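Visitor: final02.pdb is reproduced below (PDB, C-alpha atoms, pLDDT in the B column).
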MODEL        1
ATOM      1  CA  MET A  28     -43.020 -73.693 -13.323  1.00 43.00           C
ATOM      2  CA  ARG A  29     -43.002 -75.769 -10.145  1.00 44.00           C
ATOM      3  CA  MET A  30     -46.228 -77.515  -9.177  1.00 49.00           C
ATOM      4  CA  SER A  31     -46.744 -77.981  -5.476  1.00 54.00           C
ATOM      5  CA  ARG A  32     -49.246 -80.196  -3.776  1.00 61.00           C
ATOM      6  CA  PRO A  33     -51.989 -78.497  -1.801  1.00 61.00           C
ATOM      7  CA  GLY A  34     -51.574 -78.481   1.953  1.00 75.00           C
ATOM      8  CA  PRO A  35     -53.414 -80.853   4.261  1.00 91.00           C
ATOM      9  CA  VAL A  36     -57.087 -80.280   4.998  1.00 95.00           C
ATOM     10  CA  ARG A  37     -58.573 -79.727   8.448  1.00 96.00           C
ATOM     11  CA  PHE A  38     -62.333 -79.969   8.900  1.00 98.00           C
ATOM     12  CA  LEU A  39     -64.675 -78.015  11.143  1.00 97.00           C
ATOM     13  CA  ARG A  40     -68.381 -77.942  11.868  1.00 97.00           C
ATOM     14  CA  THR A  41     -70.487 -74.941  12.759  1.00 95.00           C
ATOM     15  CA  GLU A  42     -73.104 -75.071  15.479  1.00 94.00           C
ATOM     16  CA  ALA A  43     -76.506 -76.463  14.559  1.00 92.00           C
ATOM     17  CA  THR A  44     -79.175 -73.969  13.503  1.00 91.00           C
ATOM     18  CA  MET A  45     -82.788 -74.326  12.425  1.00 94.00           C
ATOM     19  CA  ALA A  46     -81.706 -74.074   8.785  1.00 91.00           C
ATOM     20  CA  PHE A  47     -78.767 -76.476   9.271  1.00 90.00           C
ATOM     21  CA  PRO A  48     -79.579 -78.974  12.050  1.00 90.00           C
ATOM     22  CA  GLU A  49     -76.268 -80.802  11.482  1.00 88.00           C
ATOM     23  CA  GLY A  50     -74.342 -77.506  11.276  1.00 93.00           C
ATOM     24  CA  ARG A  51     -72.278 -76.648   8.203  1.00 95.00           C
ATOM     25  CA  LEU A  52     -69.147 -78.537   7.190  1.00 97.00           C
ATOM     26  CA  LEU A  53     -66.099 -76.320   6.777  1.00 97.00           C
ATOM     27  CA  ALA A  54     -62.639 -77.138   5.479  1.00 97.00           C
ATOM     28  CA  LEU A  55     -59.380 -75.276   6.027  1.00 96.00           C
ATOM     29  CA  ARG A  56     -56.621 -75.713   3.448  1.00 95.00           C
ATOM     30  CA  ASP A  57     -53.681 -73.422   2.738  1.00 91.00           C
ATOM     31  CA  ALA A  58     -55.012 -70.894   5.313  1.00 91.00           C
ATOM     32  CA  ARG A  59     -58.290 -70.553   3.363  1.00 94.00           C
ATOM     33  CA  LEU A  60     -61.638 -71.557   4.777  1.00 95.00           C
ATOM     34  CA  HIS A  61     -64.333 -73.183   2.618  1.00 96.00           C
ATOM     35  CA  VAL A  62     -67.925 -74.226   3.291  1.00 96.00           C
ATOM     36  CA  LEU A  63     -69.578 -77.225   1.678  1.00 96.00           C
ATOM     37  CA  ALA A  64     -72.476 -75.961  -0.457  1.00 92.00           C
ATOM     38  CA  PRO A  65     -74.801 -77.684  -2.949  1.00 88.00           C
ATOM     39  CA  ASP A  66     -72.463 -76.773  -5.819  1.00 88.00           C
ATOM     40  CA  GLY A  67     -69.273 -77.880  -4.037  1.00 91.00           C
ATOM     41  CA  TRP A  68     -66.815 -75.988  -1.864  1.00 95.00           C
ATOM     42  CA  THR A  69     -67.257 -72.205  -1.599  1.00 95.00           C
ATOM     43  CA  ARG A  70     -64.427 -70.017  -0.334  1.00 94.00           C
ATOM     44  CA  LEU A  71     -65.230 -68.084   2.830  1.00 92.00           C
ATOM     45  CA  GLY A  72     -61.948 -66.363   3.609  1.00 86.00           C
ATOM     46  CA  ARG A  73     -59.438 -66.845   6.401  1.00 88.00           C
ATOM     47  CA  GLU A  74     -61.415 -66.215   9.611  1.00 90.00           C
ATOM     48  CA  ARG A  75     -62.609 -69.283  11.485  1.00 90.00           C
ATOM     49  CA  PRO A  76     -66.177 -68.798  12.780  1.00 89.00           C
ATOM     50  CA  ARG A  77     -66.256 -68.576  16.568  1.00 89.00           C
ATOM     51  CA  ASP A  78     -68.991 -71.188  16.843  1.00 89.00           C
ATOM     52  CA  SER A  79     -67.077 -73.836  14.886  1.00 94.00           C
ATOM     53  CA  SER A  80     -65.390 -76.927  16.315  1.00 96.00           C
ATOM     54  CA  TRP A  81     -62.597 -79.041  14.862  1.00 97.00           C
ATOM     55  CA  LEU A  82     -63.465 -82.449  13.382  1.00 97.00           C
ATOM     56  CA  SER A  83     -61.269 -85.411  12.578  1.00 97.00           C
ATOM     57  CA  ARG A  84     -61.450 -86.827   9.048  1.00 96.00           C
ATOM     58  CA  GLU A  85     -63.600 -89.674  10.405  1.00 97.00           C
ATOM     59  CA  GLU A  86     -65.989 -87.207  12.055  1.00 97.00           C
ATOM     60  CA  ALA A  87     -66.217 -85.268   8.770  1.00 97.00           C
ATOM     61  CA  GLU A  88     -67.058 -88.526   6.968  1.00 97.00           C
ATOM     62  CA  ASP A  89     -69.755 -89.242   9.561  1.00 96.00           C
ATOM     63  CA  TRP A  90     -71.146 -85.720   9.040  1.00 95.00           C
ATOM     64  CA  CYS A  91     -71.304 -86.313   5.272  1.00 94.00           C
ATOM     65  CA  GLU A  92     -73.091 -89.618   5.725  1.00 94.00           C
ATOM     66  CA  ARG A  93     -75.692 -88.136   8.099  1.00 92.00           C
ATOM     67  CA  ALA A  94     -76.262 -85.152   5.787  1.00 90.00           C
ATOM     68  CA  GLY A  95     -76.357 -87.271   2.592  1.00 91.00           C
ATOM     69  CA  TRP A  96     -73.206 -85.808   0.973  1.00 92.00           C
ATOM     70  CA  ASN A  97     -70.773 -87.782  -1.172  1.00 93.00           C
ATOM     71  CA  LEU A  98     -67.623 -88.669   0.803  1.00 93.00           C
ATOM     72  CA  HIS A  99     -65.449 -87.868  -2.238  1.00 94.00           C
ATOM     73  CA  LEU A 100     -66.145 -84.177  -1.586  1.00 95.00           C
ATOM     74  CA  LEU A 101     -63.761 -84.377   1.369  1.00 96.00           C
ATOM     75  CA  ASP A 102     -60.927 -85.008  -1.116  1.00 94.00           C
ATOM     76  CA  SER A 103     -61.857 -82.095  -3.396  1.00 93.00           C
ATOM     77  CA  VAL A 104     -61.274 -79.100  -1.131  1.00 95.00           C
ATOM     78  CA  PRO A 105     -59.591 -76.405  -3.272  1.00 92.00           C
ATOM     79  CA  GLY A 106     -56.037 -75.388  -2.464  1.00 85.00           C
ATOM     80  CA  ASP A 107     -53.905 -72.421  -3.455  1.00 74.00           C
ATOM     81  CA  ASP A 108     -52.997 -72.552  -7.136  1.00 59.00           C
TER
ENDMDL
END
Output the file's structure in the form of structure tokens.

Guide:
Amino acid sequence: MRMSRPGPVRFLRTEATMAFPEGRLLALRDARLHVLAPDGWTRLGRERPRDSSWLSREEAEDWCERAGWNLHLLDSVPGDD
């Protein structure tokens, strides 16, 4: 069985809402979208929300710092198994 490395991760942020003033952090890896939730990354599917904007890795780190999330979460986005 051949093990392959997961594809690169691209980050996105949704628009701010009353419930999420910093927006939600999303990650796209292997054509699957995930949202950062209190229990880690949750799979959303493949459709990118219309109100989302692309973030660089540095911008995603800044988002985590403002929101109080551990930066190591950016390295734990699930990939296709």

Visitor: Expand the PyMOL selection byres ((chain A and resi 74) around 12) into the individual residues it matches in the shown file, reporting them as a tab-separated table (two decimals) with C-alpha atoms, in the frame of the given file.

Guide:
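Resulting contents of result33.tsv:
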chain	number	residue	atom	x	y	z
A	53	LEU	CA	-66.10	-76.32	6.78
A	54	ALA	CA	-62.64	-77.14	5.48
A	55	LEU	CA	-59.38	-75.28	6.03
A	58	ALA	CA	-55.01	-70.89	5.31
A	59	ARG	CA	-58.29	-70.55	3.36
A	60	LEU	CA	-61.64	-71.56	4.78
A	61	HIS	CA	-64.33	-73.18	2.62
A	70	ARG	CA	-64.43	-70.02	-0.33
A	71	LEU	CA	-65.23	-68.08	2.83
A	72	GLY	CA	-61.95	-66.36	3.61
A	73	ARG	CA	-59.44	-66.84	6.40
A	75	ARG	CA	-62.61	-69.28	11.48
A	76	PRO	CA	-66.18	-68.80	12.78
A	77	ARG	CA	-66.26	-68.58	16.57
A	78	ASP	CA	-68.99	-71.19	16.84
A	79	SER	CA	-67.08	-73.84	14.89

Visitor: Could you tell me which of A:Ala64, A:Leu52, A:Arg84, A:Glu92 comes closest to Arg40 of chain A if we count only C-alpha atoms?

Guide: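 Under the stated criterion, the closest residue is A:Leu52.
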
Visitor: Residue by residue, what does the PyMOL selection byres ((chain A and resi 86) around 12) grab here? Present the result as number ranges by chain.

Guide: A: 37-40, 52, 80-85, 87-93, 98, 101

Visitor: Record the distance separating atom CA of Arg56 of chain A and atom CA of Asp107 of chain A, expressed in Å with one decimal.

Guide: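 Separation of atom CA of Arg56 of chain A and atom CA of Asp107 of chain A: 8.1 Å.
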
Visitor: Go through A:Asp102, A:Trp68, A:Leu63, A:Asn97 and flag the residue nearest Phe47 of chain A, using all atoms listed in the file for the distances.

Guide: A:Leu63

Visitor: Could you jot down the atom CA of Gly67 of chain A to atom CA of Gly50 of chain A separation for me, Å, one decimal place?

Guide: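 We find that atom CA of Gly67 of chain A and atom CA of Gly50 of chain A lie 16.1 Å from each other.
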
Visitor: Quick one: pull the distance between atom CA of Gly106 of chain A and atom CA of Gly34 of chain A, Å, one decimal.

Guide: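 Atom CA of Gly106 of chain A sits 7.0 Å away from atom CA of Gly34 of chain A.
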
Visitor: Kindly indicate which residue among A:Ala94, A:Ser103, A:Thr69, A:Val62 lies nearest to Pro35 of chain A, using all atoms listed in the file for the distances.

Guide: A:Ser103

Visitor: I'd like the box whose edges run along x, y and z of the file and which contains every listed atom of segment 59-77 of chain A, padded by 3 Å per side; could you state its centre and edge lengths in Å, one decimal, as JSON?

Guide:
{"center_x": -66.5, "center_y": -72.0, "center_z": 5.4, "size_x": 22.5, "size_y": 17.7, "size_z": 28.4}

Visitor: Output segment 58-69 of chain A with all heavy atoms present, as a tab-separated table (two decimals), in the coordinates of the input.

Guide:
chain	number	residue	atom	x	y	z
A	58	ALA	N	-54.57	-72.08	4.59
A	58	ALA	CA	-55.01	-70.89	5.31
A	58	ALA	C	-56.28	-70.27	4.73
A	58	ALA	O	-56.59	-69.13	5.00
A	58	ALA	CB	-53.89	-69.85	5.38
A	59	ARG	N	-57.02	-71.03	3.93
A	59	ARG	CA	-58.29	-70.55	3.36
A	59	ARG	C	-59.42	-71.47	3.84
A	59	ARG	O	-59.30	-72.68	3.77
A	59	ARG	CB	-58.24	-70.54	1.85
A	59	ARG	CG	-57.16	-69.65	1.31
A	59	ARG	CD	-57.73	-68.79	0.23
A	59	ARG	NE	-56.65	-68.04	-0.40
A	59	ARG	CZ	-56.53	-66.73	-0.27
A	59	ARG	NH1	-57.38	-66.05	0.42
A	59	ARG	NH2	-55.54	-66.11	-0.86
A	60	LEU	N	-60.48	-70.83	4.27
A	60	LEU	CA	-61.64	-71.56	4.78
A	60	LEU	C	-62.68	-71.70	3.67
A	60	LEU	O	-62.93	-70.78	2.90
A	60	LEU	CB	-62.23	-70.77	5.95
A	60	LEU	CG	-63.16	-71.50	6.88
A	60	LEU	CD1	-62.47	-72.67	7.55
A	60	LEU	CD2	-63.70	-70.53	7.92
A	61	HIS	N	-63.29	-72.88	3.60
A	61	HIS	CA	-64.33	-73.18	2.62
A	61	HIS	C	-65.52	-73.81	3.33
A	61	HIS	O	-65.36	-74.46	4.36
A	61	HIS	CB	-63.82	-74.18	1.57
A	61	HIS	CG	-62.69	-73.67	0.76
A	61	HIS	ND1	-61.39	-73.67	1.21
A	61	HIS	CD2	-62.66	-73.13	-0.47
A	61	HIS	CE1	-60.61	-73.16	0.28
A	61	HIS	NE2	-61.36	-72.82	-0.75
A	62	VAL	N	-66.71	-73.60	2.77
A	62	VAL	CA	-67.92	-74.23	3.29
A	62	VAL	C	-68.47	-75.14	2.21
A	62	VAL	O	-68.41	-74.83	1.02
A	62	VAL	CB	-68.97	-73.17	3.71
A	62	VAL	CG1	-69.44	-72.32	2.54
A	62	VAL	CG2	-70.17	-73.83	4.40
A	63	LEU	N	-68.99	-76.29	2.62
A	63	LEU	CA	-69.58	-77.22	1.68
A	63	LEU	C	-70.98	-76.74	1.33
A	63	LEU	O	-71.83	-76.57	2.20
A	63	LEU	CB	-69.62	-78.63	2.27
A	63	LEU	CG	-70.05	-79.74	1.32
A	63	LEU	CD1	-69.20	-79.77	0.06
A	63	LEU	CD2	-70.01	-81.08	2.02
A	64	ALA	N	-71.20	-76.48	0.05
A	64	ALA	CA	-72.48	-75.96	-0.46
A	64	ALA	C	-72.99	-76.91	-1.53
A	64	ALA	O	-72.25	-77.79	-1.99
A	64	ALA	CB	-72.24	-74.56	-1.03
A	65	PRO	N	-74.24	-76.77	-1.94
A	65	PRO	CA	-74.80	-77.68	-2.95
A	65	PRO	C	-73.98	-77.79	-4.24
A	65	PRO	O	-73.98	-78.82	-4.88
A	65	PRO	CB	-76.19	-77.09	-3.22
A	65	PRO	CG	-76.55	-76.41	-1.95
A	65	PRO	CD	-75.25	-75.86	-1.42
A	66	ASP	N	-73.26	-76.73	-4.59
A	66	ASP	CA	-72.46	-76.77	-5.82
A	66	ASP	C	-70.99	-77.05	-5.56
A	66	ASP	O	-70.14	-76.83	-6.41
A	66	ASP	CB	-72.63	-75.48	-6.61
A	66	ASP	CG	-72.21	-74.25	-5.83
A	66	ASP	OD1	-72.04	-74.34	-4.60
A	66	ASP	OD2	-72.05	-73.19	-6.45
A	67	GLY	N	-70.66	-77.56	-4.38
A	67	GLY	CA	-69.27	-77.88	-4.04
A	67	GLY	C	-68.75	-76.95	-2.95
A	67	GLY	O	-69.52	-76.37	-2.19
A	68	TRP	N	-67.45	-76.81	-2.89
A	68	TRP	CA	-66.82	-75.99	-1.86
A	68	TRP	C	-66.83	-74.53	-2.28
A	68	TRP	O	-66.47	-74.19	-3.40
A	68	TRP	CB	-65.38	-76.44	-1.63
A	68	TRP	CG	-65.29	-77.79	-1.02
A	68	TRP	CD1	-65.01	-78.96	-1.66
A	68	TRP	CD2	-65.49	-78.13	0.34
A	68	TRP	NE1	-65.02	-80.01	-0.78
A	68	TRP	CE2	-65.32	-79.53	0.47
A	68	TRP	CE3	-65.82	-77.40	1.48
A	68	TRP	CZ2	-65.45	-80.19	1.69
A	68	TRP	CZ3	-65.94	-78.07	2.70
A	68	TRP	CH2	-65.76	-79.44	2.79
A	69	THR	N	-67.22	-73.65	-1.37
A	69	THR	CA	-67.26	-72.20	-1.60
A	69	THR	C	-66.29	-71.54	-0.63
A	69	THR	O	-66.34	-71.80	0.58
A	69	THR	CB	-68.68	-71.66	-1.37
A	69	THR	OG1	-69.56	-72.30	-2.28
A	69	THR	CG2	-68.74	-70.16	-1.58
